[in-house]
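First the structure, in the form of structure tokens, and then the observations on it.
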Amino acid sequence: MQVDVVVLGLGPGGELVATKLARAGLSVVGVDRHLVGGECPFYGCTPSKLVVRSSDVLGEARRVDGLAGTASVHPSWAVAAARIRTANHEWHDDAHVTRLEEAGVTVVRGHGRLDGPGRVTVERENGSTDEYVAARGIVLNAGTEPARPAIDGLADTPYWTNREVFKITELPASLAVVGAGAVGCELAQAFSRFGVRVTLIESLPRILAAEEPESSTALAEVLGREGIDVVTGAEIRRVRHDGSFHLDLADRTIDVDELLVAAGRRSNLSDLGLDSVGLDPSAKSVETDERLRAGERLWAVGDITGKGEFTHVSLYQARVVIRDILGQDGPWADYRGVSRVTFTDPEIGSVGMTEEQAREDGIDVRIGRADLAHGARGWMHGPDTVGLVKLVADAERGILVGGTVVGPYGGEALGLLSAAVHAAVPVSTLKGTHFAYPTFHRTIESALWDLGI
């Protein structure tokens with residue numbers, strides 16, 4: 001069958017590409033073997049943030065005693081679990097499929113593989129095979145799946161990943177979380193606030209290793225105060241399961257009821273037929289140019305490009321691809337101002353480079369810091385407010401190349417810094433901005449003056 005475009009993978013970026021191109025009048029086939037909509041709505045962003053929101057309410061309720069009187073808190077996981085099931089339509093993707101079909105997209109269930117430039121074969125769920133020739137081209141949005149660490153004994157146990165954990169209807173008494181990136185930290189805190197005894201285990205020297213060290217320190221202290229056992233620099237030598245889980249470390253054994261592995265993601269590239277178009281199927285990501293082109297009549301978007309495993313990056317890239325396929329002008333892809341948020345309490349919002357990355361890039365770095373808790377809003381917010389602002393500037397060019405806000409609503413306070421890094425706004429201009437009083441946002445002004453440029 002000849003069509004204009006085939007989209008392999010219908011996560012957020014693939015959905016957007018397919019929808020917009022079909023509405024522009026192109027014949028589009030969208031292929032996915034799992035849930036249309038991808039990881040984000042069913043196993044990632046949506047369920048995790050529903051859980052985080054519920055746990056944040058519990059955290060706030062426990063602050064009543066210090067701020068507004070007294071309160072008695074009785075957590076119920078049943079309420080949170082019901083919200084997840086409702087939002088996910090019991091893990092049915094009918095709404096996503098309907099929207100695509102209404103836009104004119106032909107949705108095909110099955111596993112699609114490249115079969116040379118502009119060619120795709122699809123093994124359908126019923127065992128039949130379809131072949132497509134895409135006149136305009138193919139868009140890859142194959143996504144990722146949970147990484148499964150090579151730990152002795154792990155594969156033989158019924159451990160959870162993000163695919164299983166959001167379907168549980170009852171909480172365990174104890175839980176070990178392996179991996180202290182954003183997902184691990186968010187869920188460790190959330191389950192702890194629901195009354196689960198949580199151990200958070202990280203092989204690297206600190207949690208949130210991709211963020212600034214100051215962010216890691218601030219969050220680790222909060223998690224510790226909330227009763228979470230944070231174990232860093234840990235090598236898990238073996239995992240055993242006999243109804244409970246037993247994690248053998250070098251210096252001790254951790255015994256828990258359940259185990260959640262949140263040790264990163266693995267790209268779905270090995271069985272995509274990349275070799276048929278001259279690409280390496282063993283690569284961790286697909287290399288693309290500023291138009292997201294990966295080869296002849298071939299584009300890639302989302303996690304597989306290695307530009308950030310975030311829904312907003314995938315959607316951003318999708319818009320670039322849409323413009324390119326339709327012959328429209330840019331702007332083309334620019335990753336200077338990629339933002340990210342870890343939705344713990346306090347939230348950690350970051351954009352651009354960390355201090356370490358900037359120094360490794362040879363930039364003449366200046367650092368500006370401010371303690372969010374000591375500002376007017378931090379003091380008013382409560383006696384246990386934790387937070388900071390850290391700015392990374394290029395002294396030679398007089399602009400910000402990175403920034404971090406840790407604190408209540410840290411992700412929401414990130415807007416100014418994201419715009420400043422992306423648009424290369426001079427620090428002198430930023431220092432002349434009006435910062436509303438009293439806001440957490442105003443702490444950025446103090447950090448700007450601390451830069452000394």
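Identifiers for the structure tokens are assigned positionally: chains receive A, B, ... in sequence, residues are indexed from 1 per chain, and ligands are indexed from 1 in the order shown.
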**Item:** Val139 (chain A) surroundings by only C-alpha atoms, 7 Å radius, close-in-sequence under 2 positions cut, as a VMD selection string
**Value:** chain A and resid 6 to 8 137 141 298 to 300
Serialized selection, all heavy atoms, as a short mmCIF file (atom, residue, chain, number, x, y, z; two decimals), in the first residue's frame:
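Result went into part_1.cif, see below:
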data_model
loop_
_atom_site.label_atom_id
_atom_site.label_comp_id
_atom_site.auth_asym_id
_atom_site.auth_seq_id
_atom_site.Cartn_x
_atom_site.Cartn_y
_atom_site.Cartn_z
N VAL A 6 4.22 7.17 7.12
CA VAL A 6 4.00 6.14 8.14
C VAL A 6 4.67 6.61 9.42
O VAL A 6 5.84 7.01 9.41
CB VAL A 6 4.57 4.78 7.72
CG1 VAL A 6 4.41 3.76 8.86
CG2 VAL A 6 3.88 4.27 6.46
N VAL A 7 3.93 6.55 10.53
CA VAL A 7 4.47 6.91 11.84
C VAL A 7 4.59 5.64 12.65
O VAL A 7 3.57 4.98 12.94
CB VAL A 7 3.56 7.93 12.57
CG1 VAL A 7 4.16 8.28 13.93
CG2 VAL A 7 3.38 9.19 11.72
N LEU A 8 5.81 5.26 13.00
CA LEU A 8 6.05 4.05 13.79
C LEU A 8 6.16 4.42 15.27
O LEU A 8 7.17 4.95 15.71
CB LEU A 8 7.33 3.36 13.33
CG LEU A 8 7.31 2.72 11.94
CD1 LEU A 8 8.64 2.02 11.66
CD2 LEU A 8 6.17 1.71 11.85
N GLY A 137 7.68 9.94 3.60
CA GLY A 137 8.67 9.44 4.53
C GLY A 137 8.08 8.76 5.75
O GLY A 137 6.86 8.59 5.87
N ASN A 141 8.95 6.95 16.31
CA ASN A 141 8.64 7.39 17.67
C ASN A 141 8.51 6.14 18.54
O ASN A 141 7.50 5.91 19.20
CB ASN A 141 7.34 8.21 17.67
CG ASN A 141 6.96 8.76 19.04
OD1 ASN A 141 5.79 8.80 19.39
ND2 ASN A 141 7.94 9.17 19.83
N LEU A 298 13.43 9.94 6.39
CA LEU A 298 13.31 9.34 7.72
C LEU A 298 13.53 10.40 8.79
O LEU A 298 14.52 11.14 8.75
CB LEU A 298 14.34 8.22 7.88
CG LEU A 298 14.31 7.44 9.19
CD1 LEU A 298 13.02 6.64 9.32
CD2 LEU A 298 15.53 6.52 9.29
N TRP A 299 12.60 10.47 9.74
CA TRP A 299 12.70 11.39 10.87
C TRP A 299 12.54 10.58 12.16
O TRP A 299 12.00 9.47 12.16
CB TRP A 299 11.59 12.44 10.83
CG TRP A 299 11.68 13.44 9.72
CD1 TRP A 299 12.17 14.71 9.78
CD2 TRP A 299 11.24 13.28 8.36
NE1 TRP A 299 12.07 15.34 8.57
CE2 TRP A 299 11.50 14.49 7.67
CE3 TRP A 299 10.64 12.22 7.66
CZ2 TRP A 299 11.19 14.67 6.33
CZ3 TRP A 299 10.33 12.39 6.32
CH2 TRP A 299 10.61 13.61 5.67
N ALA A 300 13.02 11.16 13.27
CA ALA A 300 12.86 10.51 14.58
C ALA A 300 12.50 11.56 15.61
O ALA A 300 13.03 12.68 15.57
CB ALA A 300 14.13 9.78 14.99
#
**Message:** Between A:Thr129, A:Thr106, A:Thr161, A:Thr354, which residue has the minimum interatomic distance to Glu15 (chain A), considering only C-alpha atoms?
**Reply:**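 With only C-alpha atoms as the atom set, the closest residue is A:Thr106.
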**Asked** What residues in region 102-168 of chain A get the DSSP label strand (DSSP E or B)? Please answer as a PyMOL selection string.
**Response** chain A and resi 106-114+119-124+129-140+144-146+160
**Message:** Can you pull out the residues contacting region 183-188 of chain A? Cut-off 10 Å, using only C-alpha atoms, and skip same-chain residues under 3 positions away; I want them as a count of residues only.
**Reply:** 43
**Prompt:** Restricting the calculation to only C-alpha atoms, which member of A:Asp32, A:Ile138, A:Ser446, A:Glu125 is positioned closest to His96 (chain A)?
**Reply:**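 Of A:Asp32, A:Ile138, A:Ser446, A:Glu125, the one nearest His96 (chain A), counting only C-alpha atoms, is A:Asp32.
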**Request:** Write down as a PyMOL selection string the residues belonging to region 17-261 of chain A that are assigned helix (DSSP H, G or I) by DSSP computed on the backbone.
**Result:** chain A and resi 17-23+39-43+45-61+64-67+77-87+89-91+94-103+154-156+162-165+182-193+213-225
**Prompt:** Quick one: of A:Cys40, A:Ala134, A:Leu35, A:Ile444, who's nearest to Phe310 (chain A), counting only C-alpha atoms?
**Reply:** A:Cys40
